[in-house]
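As provided, coords.cif (mmCIF, C-alpha atoms) reads as follows.
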data_coords
#
loop_
_atom_site.label_atom_id
_atom_site.label_comp_id
_atom_site.auth_asym_id
_atom_site.auth_seq_id
_atom_site.Cartn_x
_atom_site.Cartn_y
_atom_site.Cartn_z
CA MET A 1 -133.78 56.13 -59.91
CA ALA A 2 -130.41 55.18 -58.50
CA GLY A 3 -130.20 51.96 -56.54
CA THR A 4 -129.57 51.76 -52.82
CA LEU A 5 -126.35 50.67 -51.18
CA TYR A 6 -127.01 48.65 -48.02
CA VAL A 7 -124.15 48.35 -45.49
CA VAL A 8 -125.02 45.04 -43.88
CA ALA A 9 -123.51 43.68 -40.65
CA THR A 10 -123.01 39.91 -40.56
CA PRO A 11 -122.17 37.54 -37.67
CA LEU A 12 -118.74 37.59 -36.03
CA GLY A 13 -118.94 33.83 -35.67
CA ASN A 14 -122.25 32.72 -34.22
CA LEU A 15 -124.76 32.56 -37.07
CA GLU A 16 -127.64 33.13 -34.65
CA ASP A 17 -126.54 36.77 -34.42
CA VAL A 18 -127.68 37.61 -37.95
CA THR A 19 -130.77 39.82 -38.06
CA PHE A 20 -134.01 39.12 -39.92
CA ARG A 21 -133.56 42.41 -41.74
CA ALA A 22 -130.04 41.49 -42.88
CA LEU A 23 -131.30 38.21 -44.35
CA ARG A 24 -134.15 39.94 -46.16
CA VAL A 25 -131.85 42.56 -47.67
CA LEU A 26 -129.30 39.97 -48.78
CA ARG A 27 -132.09 38.09 -50.57
CA GLU A 28 -133.62 41.16 -52.23
CA VAL A 29 -130.61 43.08 -53.56
CA ALA A 30 -129.29 42.53 -57.08
CA LEU A 31 -125.70 42.02 -55.96
CA ILE A 32 -123.65 41.43 -52.82
CA ALA A 33 -120.16 42.96 -52.60
CA ALA A 34 -118.24 40.69 -50.22
CA GLU A 35 -114.75 40.96 -48.75
CA ASP A 36 -114.10 37.25 -49.33
CA THR A 37 -116.61 35.56 -51.59
CA ARG A 38 -115.51 32.08 -50.49
CA HIS A 39 -116.19 32.92 -46.86
CA SER A 40 -119.49 34.68 -47.61
CA ARG A 41 -120.80 31.82 -49.76
CA LYS A 42 -120.82 29.63 -46.65
CA LEU A 43 -122.97 32.17 -44.80
CA LEU A 44 -125.36 32.60 -47.72
CA ALA A 45 -125.64 28.84 -48.31
CA HIS A 46 -126.54 28.31 -44.65
CA PHE A 47 -129.52 30.64 -45.06
CA ASP A 48 -130.37 29.46 -48.61
CA ILE A 49 -129.56 32.82 -50.21
CA HIS A 50 -128.53 32.74 -53.88
CA THR A 51 -127.85 36.42 -54.66
CA PRO A 52 -124.83 36.93 -56.98
CA LEU A 53 -121.54 37.82 -55.28
CA VAL A 54 -118.67 40.06 -56.35
CA SER A 55 -115.37 40.33 -54.48
CA TYR A 56 -114.63 43.63 -52.74
CA PHE A 57 -111.43 43.53 -50.69
CA ASP A 58 -108.63 46.03 -49.96
CA GLN A 59 -106.52 45.31 -53.04
CA VAL A 60 -109.39 45.81 -55.52
CA GLU A 61 -111.41 48.48 -53.70
CA ARG A 62 -110.03 51.43 -55.64
CA GLU A 63 -110.93 49.88 -59.01
CA ARG A 64 -114.08 48.01 -57.97
CA ALA A 65 -115.84 50.91 -56.22
CA PRO A 66 -116.47 52.94 -59.42
CA GLU A 67 -117.77 49.80 -61.16
CA LEU A 68 -120.28 49.20 -58.37
CA VAL A 69 -121.32 52.85 -58.31
CA LYS A 70 -122.16 52.58 -62.03
CA GLN A 71 -124.45 49.65 -61.23
CA LEU A 72 -126.13 51.70 -58.52
CA GLN A 73 -126.68 54.48 -61.06
CA MET A 74 -128.35 51.91 -63.33
CA GLY A 75 -130.89 51.26 -60.57
CA LYS A 76 -129.45 48.12 -59.05
CA SER A 77 -129.35 47.78 -55.26
CA ILE A 78 -126.20 46.38 -53.68
CA ALA A 79 -125.39 44.97 -50.24
CA LEU A 80 -121.89 45.49 -48.87
CA ILE A 81 -120.70 42.86 -46.38
CA CYS A 82 -117.35 41.95 -44.83
CA ASP A 83 -116.07 38.65 -43.46
CA ALA A 84 -117.42 39.35 -39.98
CA GLY A 85 -119.17 42.22 -38.26
CA THR A 86 -119.91 45.67 -39.64
CA PRO A 87 -118.40 46.65 -43.03
CA GLY A 88 -116.15 49.66 -43.37
CA ILE A 89 -114.77 49.49 -39.82
CA ALA A 90 -111.09 48.68 -40.45
CA ASP A 91 -112.40 46.88 -43.54
CA PRO A 92 -112.97 47.98 -47.16
CA GLY A 93 -116.06 50.06 -47.80
CA PHE A 94 -115.23 53.76 -47.41
CA ARG A 95 -114.66 54.42 -51.11
CA LEU A 96 -117.84 52.65 -52.12
CA VAL A 97 -119.97 54.51 -49.56
CA ARG A 98 -118.49 57.86 -50.55
CA GLY A 99 -118.85 57.11 -54.26
CA ALA A 100 -122.46 56.05 -53.82
CA LEU A 101 -123.31 59.23 -51.96
CA GLU A 102 -121.57 61.41 -54.53
CA ALA A 103 -123.55 59.63 -57.27
CA GLY A 104 -126.84 60.39 -55.54
CA SER A 105 -127.57 56.90 -54.25
CA SER A 106 -129.02 56.26 -50.82
CA VAL A 107 -126.73 54.51 -48.32
CA VAL A 108 -128.67 52.53 -45.73
CA PRO A 109 -127.05 50.87 -42.70
CA VAL A 110 -128.36 47.48 -41.64
CA PRO A 111 -126.82 47.31 -38.16
CA GLY A 112 -125.82 44.21 -36.28
CA PRO A 113 -122.70 42.56 -34.86
CA SER A 114 -119.56 44.61 -34.22
CA ALA A 115 -116.39 43.29 -32.58
CA ILE A 116 -115.71 46.74 -31.13
CA VAL A 117 -119.01 47.02 -29.27
CA ALA A 118 -119.13 43.32 -28.34
CA ALA A 119 -115.69 43.49 -26.73
CA LEU A 120 -116.27 46.84 -25.04
CA CYS A 121 -119.59 46.04 -23.38
CA ALA A 122 -118.15 42.89 -21.73
CA SER A 123 -114.67 44.25 -21.02
CA GLY A 124 -115.22 45.76 -17.60
CA LEU A 125 -113.46 48.95 -18.75
CA PRO A 126 -115.19 52.35 -18.86
CA THR A 127 -117.74 52.48 -21.69
CA ASP A 128 -118.90 56.10 -21.47
CA ARG A 129 -116.06 57.33 -23.71
CA PHE A 130 -113.89 55.28 -26.02
CA VAL A 131 -111.75 55.63 -29.14
CA PHE A 132 -111.14 53.10 -31.92
CA GLU A 133 -107.61 53.18 -33.35
CA GLY A 134 -107.83 50.51 -36.04
CA PHE A 135 -105.09 47.91 -36.46
CA VAL A 136 -101.90 48.12 -34.41
CA PRO A 137 -98.97 48.67 -36.84
CA ALA A 138 -97.09 45.53 -37.82
CA ARG A 139 -93.56 46.96 -37.71
CA ALA A 140 -91.93 47.14 -34.27
CA ALA A 141 -90.80 50.77 -34.52
CA SER A 142 -94.19 51.95 -35.77
CA ARG A 143 -95.95 49.87 -33.13
CA ALA A 144 -93.95 51.46 -30.30
CA GLU A 145 -94.65 54.92 -31.70
CA PHE A 146 -98.34 54.04 -31.98
CA TYR A 147 -98.53 53.06 -28.32
CA ARG A 148 -96.57 56.13 -27.19
CA SER A 149 -99.08 58.35 -28.97
CA LEU A 150 -101.89 56.80 -26.91
CA ARG A 151 -100.26 56.77 -23.49
CA SER A 152 -102.13 59.85 -22.22
CA GLU A 153 -105.49 59.00 -23.81
CA VAL A 154 -108.30 59.56 -21.29
CA ARG A 155 -110.81 57.34 -23.14
CA THR A 156 -110.87 53.55 -23.30
CA ILE A 157 -108.73 52.55 -26.29
CA ILE A 158 -109.88 49.81 -28.68
CA CYS A 159 -107.78 48.40 -31.49
CA PHE A 160 -107.37 45.24 -33.54
CA GLU A 161 -104.25 43.07 -33.48
CA SER A 162 -103.16 39.98 -35.35
CA GLY A 163 -103.00 36.88 -33.16
CA ARG A 164 -99.53 35.96 -34.43
CA ARG A 165 -98.18 39.39 -33.39
CA LEU A 166 -100.08 39.66 -30.11
CA ILE A 167 -97.25 38.62 -27.77
CA LEU A 168 -94.73 41.03 -29.33
CA SER A 169 -97.38 43.73 -29.31
CA LEU A 170 -98.16 43.26 -25.61
CA ARG A 171 -94.45 43.43 -24.78
CA ASP A 172 -94.25 46.79 -26.53
CA LEU A 173 -97.44 47.87 -24.80
CA LEU A 174 -95.96 46.96 -21.41
CA ALA A 175 -92.79 48.94 -22.13
CA VAL A 176 -94.83 52.07 -22.90
CA PHE A 177 -97.85 51.81 -20.57
CA GLY A 178 -96.45 49.82 -17.68
CA PRO A 179 -98.97 47.58 -15.86
CA ARG A 180 -102.03 49.40 -17.27
CA PRO A 181 -105.23 47.30 -17.17
CA ILE A 182 -106.11 45.77 -20.54
CA VAL A 183 -108.51 43.24 -22.01
CA VAL A 184 -107.71 40.78 -24.79
CA ALA A 185 -110.91 39.54 -26.47
CA ARG A 186 -110.58 36.48 -28.69
CA GLU A 187 -112.96 34.31 -30.75
CA LEU A 188 -115.89 36.62 -30.01
CA THR A 189 -119.30 34.86 -30.14
CA LYS A 190 -117.63 31.55 -31.05
CA ILE A 191 -117.35 28.33 -29.04
CA PHE A 192 -113.96 29.23 -27.58
CA GLU A 193 -114.72 32.89 -26.86
CA GLN A 194 -112.24 34.23 -24.32
CA PHE A 195 -111.68 37.45 -22.39
CA VAL A 196 -108.33 37.85 -20.65
CA ARG A 197 -108.44 40.79 -18.23
CA GLY A 198 -105.82 42.35 -15.99
CA PRO A 199 -102.64 44.46 -15.97
CA VAL A 200 -100.56 44.10 -19.14
CA ASP A 201 -97.82 42.06 -17.44
CA GLN A 202 -100.30 39.57 -15.98
CA VAL A 203 -102.18 39.14 -19.26
CA LEU A 204 -98.89 38.67 -21.07
CA ALA A 205 -97.76 36.01 -18.59
CA GLN A 206 -101.09 34.21 -18.97
CA ILE A 207 -101.03 33.92 -22.76
CA GLU A 208 -97.31 34.07 -23.56
CA THR A 209 -97.00 30.33 -24.09
CA GLU A 210 -100.22 30.02 -26.10
CA THR A 211 -100.59 29.94 -29.86
CA VAL A 212 -102.95 32.75 -30.77
CA ARG A 213 -104.57 32.76 -34.20
CA GLY A 214 -106.95 35.05 -36.01
CA GLU A 215 -107.84 38.60 -35.15
CA VAL A 216 -107.84 39.90 -31.57
CA THR A 217 -109.68 42.88 -30.14
CA LEU A 218 -107.42 44.69 -27.68
CA LEU A 219 -108.80 47.16 -25.15
CA ILE A 220 -106.65 49.45 -22.99
CA ALA A 221 -107.86 51.26 -19.89
CA PRO A 222 -107.83 55.07 -20.09
CA SER A 223 -105.09 57.08 -18.44
CA THR A 224 -105.95 58.31 -14.96
CA ALA A 225 -102.89 60.55 -14.65
CA ALA A 226 -103.48 64.28 -14.83
CA PRO A 227 -101.79 65.81 -17.90
CA VAL A 228 -98.52 67.54 -17.13
CA GLN A 229 -98.98 71.28 -17.34
CA ARG A 230 -96.24 73.00 -19.33
CA SER A 231 -95.69 76.72 -19.55
CA GLU A 232 -95.41 78.43 -22.91
CA ALA A 233 -91.79 79.22 -22.12
CA GLU A 234 -91.05 75.52 -21.59
CA ILE A 235 -92.74 74.60 -24.85
CA ARG A 236 -90.85 77.29 -26.78
CA ALA A 237 -87.54 76.12 -25.33
CA ALA A 238 -88.29 72.51 -26.22
CA LEU A 239 -89.30 73.48 -29.78
CA ILE A 240 -86.06 75.40 -30.27
CA ARG A 241 -84.06 72.43 -28.98
CA LEU A 242 -85.80 69.95 -31.26
CA ARG A 243 -85.43 72.27 -34.23
CA GLY A 244 -81.70 72.27 -33.54
CA GLU A 245 -81.84 68.47 -33.82
CA GLY A 246 -83.29 68.79 -37.31
CA MET A 247 -86.96 68.11 -36.52
CA THR A 248 -89.77 69.96 -38.30
CA LEU A 249 -92.41 71.84 -36.34
CA GLY A 250 -94.97 69.11 -37.02
CA GLU A 251 -92.60 66.38 -35.85
CA SER A 252 -91.65 68.38 -32.76
CA ALA A 253 -95.28 69.06 -31.83
CA ARG A 254 -96.15 65.38 -32.22
CA ARG A 255 -93.22 64.25 -30.10
CA LEU A 256 -93.84 66.73 -27.27
CA ALA A 257 -97.57 65.93 -27.24
CA GLN A 258 -96.74 62.25 -26.83
CA GLU A 259 -94.12 62.82 -24.12
CA TRP A 260 -96.06 65.36 -22.09
CA GLY A 261 -99.68 64.44 -22.77
CA CYS A 262 -100.36 67.95 -24.03
CA SER A 263 -102.42 69.06 -27.00
CA ARG A 264 -100.47 68.72 -30.24
CA ARG A 265 -102.55 71.53 -31.72
CA ASP A 266 -101.66 73.91 -28.86
CA ILE A 267 -97.95 73.09 -29.17
CA TYR A 268 -98.09 73.63 -32.93
CA GLN A 269 -99.75 77.02 -32.49
CA ILE A 270 -97.05 78.08 -30.04
CA GLY A 271 -94.47 76.98 -32.62
CA LEU A 272 -96.11 79.15 -35.29
CA ALA A 273 -96.10 82.11 -32.92
CA LEU A 274 -92.42 81.41 -32.18
CA ARG A 275 -91.65 81.52 -35.90
CA HIS A 276 -93.52 84.80 -36.26
CA ASP A 277 -91.66 86.37 -33.34
CA GLU A 278 -88.29 85.27 -34.69
CA SER A 279 -89.04 86.58 -38.19
CA GLU A 280 -89.89 90.01 -36.76
CA GLU A 281 -86.61 90.14 -34.86
#

As structure tokens - that is how I would like this structure written.
Amino acid sequence: MAGTLYVVATPLGNLEDVTFRALRVLREVALIAAEDTRHSRKLLAHFDIHTPLVSYFDQVERERAPELVKQLQMGKSIALICDAGTPGIADPGFRLVRGALEAGSSVVPVPGPSAIVAALCASGLPTDRFVFEGFVPARAASRAEFYRSLRSEVRTIICFESGRRLILSLRDLLAVFGPRPIVVARELTKIFEQFVRGPVDQVLAQIETETVRGEVTLLIAPSTAAPVQRSEAEIRAALIRLRGEGMTLGESARRLAQEWGCSRRDIYQIGLALRHDESEE
């Protein structure tokens, strides 16, 4: 029989957050695939776990995943862990999980700490609906475009940001969102855990002179503005104008959706109908 792949959550920082089940699985599997073996050895040594480790990070995931799947097919069970929190969430793991499933192995989650949930539940922002957008882009132009695409989002937005880029990122966020309420969550579960809450400009003023290291969880309050209603005639006229500027239909639909807070899909469908009408003329 094929082995089982366990997706095991590990502590964000406080080792007391590890579960009994996670420790048992890490002891019993044949191999642990870890994002950073040096980091994970410290965790395993603390709990006197001596299971063999193999590195599994972004740069080797494409090549390493098939190798691990072969071991699963040989009957070995493997635990997948990341440096902190739940594997596969903005961390390597997707290819291994998909490969294991395609090979007929069972994939079993061993739930536990998650920076997303930890930050959200203590943020003070709405928790009934939220969206996770991964890492904020590093390049300034891409970052501004990223924020513009989220301006009309009606769910609480959660993303990860690098501490060294946080100030620049918040400046871009302020330019796009204005004084929208946000929460910056840092050092979650650690000694110097910190939540900075308030409008973007106030949060920025509070931390602008600080040196921020590590990974930050950034939460943005949902939009409360009603979406601007646009008639089909307005959308058609805008699509024709943007086409004259050299933009494709996909690019035009994306831009108008961001500017107006409308459905990109609806705009795209109107564009297809416009093409059809013009071809018949």

Residues of region 78-177 of chain A within 10 Å of region 34-37 of chain A: nearest atom pair and distance (Å, one decimal) for each, counting only C-alpha atoms, sorted by chain and number, as JSON lines?
{"residue": "A:Ala79", "atom": "CA", "partner": "A:Ala34", "partner_atom": "CA", "distance": 8.3}
{"residue": "A:Leu80", "atom": "CA", "partner": "A:Ala34", "partner_atom": "CA", "distance": 6.2}
{"residue": "A:Ile81", "atom": "CA", "partner": "A:Ala34", "partner_atom": "CA", "distance": 5.1}
{"residue": "A:Cys82", "atom": "CA", "partner": "A:Glu35", "partner_atom": "CA", "distance": 4.8}
{"residue": "A:Asp83", "atom": "CA", "partner": "A:Glu35", "partner_atom": "CA", "distance": 5.9}
{"residue": "A:Ala84", "atom": "CA", "partner": "A:Glu35", "partner_atom": "CA", "distance": 9.3}
{"residue": "A:Pro87", "atom": "CA", "partner": "A:Glu35", "partner_atom": "CA", "distance": 8.9}
{"residue": "A:Asp91", "atom": "CA", "partner": "A:Glu35", "partner_atom": "CA", "distance": 8.2}
{"residue": "A:Pro92", "atom": "CA", "partner": "A:Glu35", "partner_atom": "CA", "distance": 7.4}
{"residue": "A:Gly93", "atom": "CA", "partner": "A:Glu35", "partner_atom": "CA", "distance": 9.2}

Same residues, C-alpha atoms, output as a PDB file, in the coordinates of the input:
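Output saved as part09.pdb:
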ATOM      1  CA  ALA A  79    -125.390  44.970 -50.240  1.00  0.00           C
ATOM      2  CA  LEU A  80    -121.890  45.490 -48.870  1.00  0.00           C
ATOM      3  CA  ILE A  81    -120.700  42.860 -46.380  1.00  0.00           C
ATOM      4  CA  CYS A  82    -117.350  41.950 -44.830  1.00  0.00           C
ATOM      5  CA  ASP A  83    -116.070  38.650 -43.460  1.00  0.00           C
ATOM      6  CA  ALA A  84    -117.420  39.350 -39.980  1.00  0.00           C
ATOM      7  CA  PRO A  87    -118.400  46.650 -43.030  1.00  0.00           C
ATOM      8  CA  ASP A  91    -112.400  46.880 -43.540  1.00  0.00           C
ATOM      9  CA  PRO A  92    -112.970  47.980 -47.160  1.00  0.00           C
ATOM     10  CA  GLY A  93    -116.060  50.060 -47.800  1.00  0.00           C
TER      11      GLY A  93
END

- [ ] Apply the PyMOL selection byres ((chain A and resi 246-258) around 12) to the structure shown and report the selected residues as a ChimeraX atom specification.
- [x] /A:144-153,176,227-230,234-245,259-275

- [ ] Rank nothing, just name the residue among A:Val7, A:Ala65, A:Val203, A:Val60 nearest to Thr86 (chain A), using only C-alpha atoms.
- [x]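 Answer, going by the shortest atom-to-atom distance: A:Val7.
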
- [ ] Rounded to one decimal place, report the CA of Ile157 (chain A)-CA of Val131 (chain A) distance in Å.
- [x]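 Separation of CA of Ile157 (chain A) and CA of Val131 (chain A): 5.2 Å.
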
Task: Among the residues A:Thr217, A:Ser77, A:Ser231, A:Ser55, the one that comes closest to Cys159 (chain A) [using all atoms listed in the file] - done: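 Closest residue, counting all atoms listed in the file: A:Thr217.
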
- [ ] Go through A:Val107, A:Thr211, A:Arg139, A:Ala100 and flag the residue nearest Glu67 (chain A), using all atoms listed in the file for the distances.
- [x]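 Going through A:Val107, A:Thr211, A:Arg139, A:Ala100 one by one, the smallest distance to Glu67 (chain A) is for A:Ala100.
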
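Note that the spacing between CA of Ala122 (chain A) and CA of Pro11 (chain A) amounts to 17.3 Å.
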
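The closest residue to Leu31 (chain A), picked from A:Asp201, A:Ser169, A:Glu278, A:Tyr6 and counting all atoms listed in the file, is A:Tyr6.
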
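Proximity of A:Ser162, A:Pro52, A:Leu219, A:Gly134 to Ile182 (chain A), computed with only C-alpha atoms, is greatest for A:Leu219.
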
TODO: Kindly give the distance, in Å, that separates CA of Leu68 (chain A) and CA of Phe135 (chain A), rounded to a single decimal.
DONE: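 CA of Leu68 (chain A) sits 26.7 Å away from CA of Phe135 (chain A).
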
With 3 Å added on each side, what axis-aligned box encloses every listed atom of region 133-147 of chain A? Give the centre and edge lengths in Å to one decimal, as AutoDock Vina command-line options.
--center_x -99.3 --center_y 50.2 --center_z -33.1 --size_x 23.0 --size_y 15.4 --size_z 15.5

Task: Long-range neighbours of region 108-115 of chain A as a PyMOL selection string, 9 Å cut-off, only C-alpha atoms, 5 positions minimum in chain - done: chain A and resi 4-12+17-19+21-22+25+84-86+89+120+188+217

- [ ] To verify the selection step, state as a PyMOL selection string which residues the PyMOL selection byres ((chain A and resi 140) around 12) yields on this input.
- [x] chain A and resi 136-139+141-147+165-173

Task: Distance criterion (all atoms listed in the file): nearest to Gln73 (chain A) out of A:Val54, A:Met1, A:Leu26, A:Ala119 - done: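 Distance minimum relative to Gln73 (chain A) lands on A:Met1.
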
TODO: Decode the PyMOL selection byres ((chain A and resi 196) around 8) for the given file into explicit residues and return them as an NGL selection string.
DONE: :A and (183-185 or 194-195 or 197-198 or 203)

TODO: Would you mind listing what lies within 10 Å of Val117 (chain A) as a ChimeraX atom specification, with all atoms listed in the file counted and same-chain residues fewer than 5 positions away left out?
DONE: /A:122-123,127,158
